Structures are given as C-alpha cells and as structure tokens.
Amino acid sequence: MRQLIIIEIICILLFAASQNVFCQTDNTKIDLLFISCWGDSLIPQGYELEIKSKKIYFVNPVMNYLHIKGGKRRYHMKFNAEKRTKIFGYFNKANFTTLNQYTVPEMDKKYFTVRLIFSNSNINEYKIPDKFLPEDLRMLYNAIIE
C-alpha cells in the first residue's frame with residue numbers, strides 16, 4: 001500500500017513538471033516582442049510588437065533630443081489587416097525556445113537584438129549575429145520593414 005502511494009506521488013509530480021514545461025514554451029505567454037537591427041549605421045532600427053492588442057510600433061532611438069522637443073518614444077505603425085495577419089502569423093510560427101543556442105560571444109558588424117517580455121514580468125534578451133538569425137525571425141523582421 002505504501003509503495004502504491006509513493007508511485008502515485010511520483011506520477012503526479014512528473015505530470016505537474018511536464019505541464020509546467022509545456023506552459024513555458026507556449027507563445028501566448030509573451031506580451032511584448034522587441035526586435036532591432038544593429039547594422040552599419042550607429043542608429044538601430046527597432047520595432048515593438050504588442051501581442052495581445054496586435055499593434056506594431058517603431059521605436060525611436062534618439063530619445064534625449066525628443067524629450068526636449070516633445071517627441072514620442074515610439075510611433076504606431078499602421079498596417080492593413082492582411083499585412084497584420086501575415087506579421088503575426090510569422091510571430092506564431094517563430095520558435096523562441098531555441099534562441100539561446102544562437103547567441104555567440106563575438107559579434108559581427110551587423111547583429112539583431114531580440115527582447116521577449118513575458119506576462120510574469122520576465123525579460124529575456126538575446127544578441128544574435130546576422131548569419132545566425134533563425135529564418136522565422138528574419139522573415140518576421142522583413143515583413144515588418146517592407
């Protein structure tokens with residue numbers, strides 16, 4: 001009887017652990033995605049995607065001058081419905097769990113910064129060289145800048 005109870009407890013713990021891992025890899029937990037390209041110029045091209053409201057913003061990199069002039073930190077980008085569904089379709093296809101393997105200590109001239117903000121206030125930031133950027137994120141970025 002005692003062995004049966006121990007086996008049941010182990011099964012419950014394994015089931016709970018597997019459910020927790022599944023929830024961590026689900027893309028619906030991501031609230032905000034920030035992707036920017038650091039190229040040959042000194043000013044990066046950054047974009048924010050709000051997942052729940054399905055809005056896309058261009059992030060203005062020069063904040064100190066805009067603060068004096070009364071400018072905004074980010075500007076809302078308006079897309080038609082077809083383009084918006086295409087962009088968020090690329091987001092849903094993207095695999096964010098494997099981004100750790102693409103970060104390389106030495107950086108090239110051109111690299112991408114991907115910042116994921118989750119609903120539980122966790123922030124993961126990755127710096128990925130251009131040649132190692134996953135194809136799904138490259139397609140997402142290209143769809144935004146078109």
# chains A, B, ... in the order shown; residues from 1 in each chain; ligands from 1
$ residues_around --residues "stretch 113-120 of chain A" --least-positions-apart "2" --cutoff "7 Å" --atoms "only C-alpha atoms" --output "number ranges by chain"
A: 29-37, 111, 122-128
$ residues_around --residues "stretch 53-59 of chain A" --least-positions-apart "5" --cutoff "10 Å" --atoms "only C-alpha atoms" --output "number ranges by chain"
A: 31-36, 44-48, 72-79, 84-85, 87-88, 144-145
$ residues_around --residues "A:Phe96" --least-positions-apart "2" --cutoff "10 Å" --atoms "only C-alpha atoms" --output "CSV table (one decimal) with N, CA and C atoms, in the first residue's frame"
chain,number,residue,atom,x,y,z
A,25,THR,N,6.9,27.0,-22.9
A,25,THR,CA,7.2,27.1,-24.3
A,25,THR,C,6.1,27.6,-25.2
A,26,ASP,N,4.9,27.9,-24.6
A,26,ASP,CA,3.8,28.4,-25.3
A,26,ASP,C,4.0,29.9,-25.7
A,27,ASN,N,3.7,30.3,-26.9
A,27,ASN,CA,3.9,31.6,-27.4
A,27,ASN,C,2.9,32.6,-26.9
A,30,ILE,N,3.9,35.4,-24.2
A,30,ILE,CA,4.7,36.5,-24.5
A,30,ILE,C,3.8,37.7,-24.7
A,91,PHE,N,5.0,35.5,-36.4
A,91,PHE,CA,5.3,35.5,-34.9
A,91,PHE,C,4.8,34.2,-34.3
A,92,ASN,N,3.6,33.7,-34.7
A,92,ASN,CA,3.1,32.4,-34.2
A,92,ASN,C,4.0,31.3,-34.6
A,93,LYS,N,4.6,31.3,-35.8
A,93,LYS,CA,5.4,30.2,-36.3
A,93,LYS,C,6.8,30.2,-35.7
A,94,ALA,N,7.2,31.4,-35.1
A,94,ALA,CA,8.6,31.5,-34.6
A,94,ALA,C,8.8,30.6,-33.4
A,98,THR,N,14.6,28.2,-28.8
A,98,THR,CA,16.0,27.8,-29.2
A,98,THR,C,16.9,29.0,-29.4
A,99,LEU,N,16.5,30.2,-28.9
A,99,LEU,CA,17.3,31.4,-29.2
A,99,LEU,C,18.6,31.4,-28.4
A,100,ASN,N,18.7,30.6,-27.3
A,100,ASN,CA,19.9,30.6,-26.5
A,100,ASN,C,21.1,30.0,-27.3
A,114,VAL,N,16.9,40.7,-29.8
A,114,VAL,CA,15.6,40.2,-29.6
A,114,VAL,C,15.3,40.2,-28.1
A,116,LEU,N,12.3,39.5,-25.3
A,116,LEU,CA,10.9,39.0,-25.1
A,116,LEU,C,10.5,39.3,-23.7
A,134,PRO,N,17.7,33.0,-36.8
A,134,PRO,CA,16.8,32.0,-37.4
A,134,PRO,C,15.9,32.5,-38.5
A,136,ASP,N,12.8,32.1,-39.3
A,136,ASP,CA,11.5,32.6,-38.9
A,136,ASP,C,11.5,34.0,-38.4
A,137,LEU,N,12.6,34.3,-37.6
A,137,LEU,CA,12.7,35.7,-37.1
A,137,LEU,C,13.1,36.7,-38.2
$ residues_around --residues "A:Lys110" --least-positions-apart "3" --cutoff "10 Å" --atoms "only C-alpha atoms" --output "PyMOL selection string"
chain A and resi 37-41+107+128-131
$ write_last_selection --atoms "C-alpha atoms" --output "PDB file, in the first residue's frame"
ATOM      1  CA  CYS A  37      18.782  45.518 -36.193  1.00  0.00           C
ATOM      2  CA  TRP A  38      22.189  46.985 -35.420  1.00  0.00           C
ATOM      3  CA  GLY A  39      23.749  47.421 -38.831  1.00  0.00           C
ATOM      4  CA  ASP A  40      26.488  49.564 -40.304  1.00  0.00           C
ATOM      5  CA  SER A  41      24.909  52.789 -39.046  1.00  0.00           C
ATOM      6  CA  MET A 107      29.721  39.935 -32.626  1.00  0.00           C
ATOM      7  CA  ILE A 128      22.268  37.246 -32.388  1.00  0.00           C
ATOM      8  CA  PRO A 129      24.690  37.838 -35.291  1.00  0.00           C
ATOM      9  CA  ASP A 130      23.113  38.295 -38.703  1.00  0.00           C
ATOM     10  CA  LYS A 131      24.367  35.000 -40.087  1.00  0.00           C
TER      11      LYS A 131
END
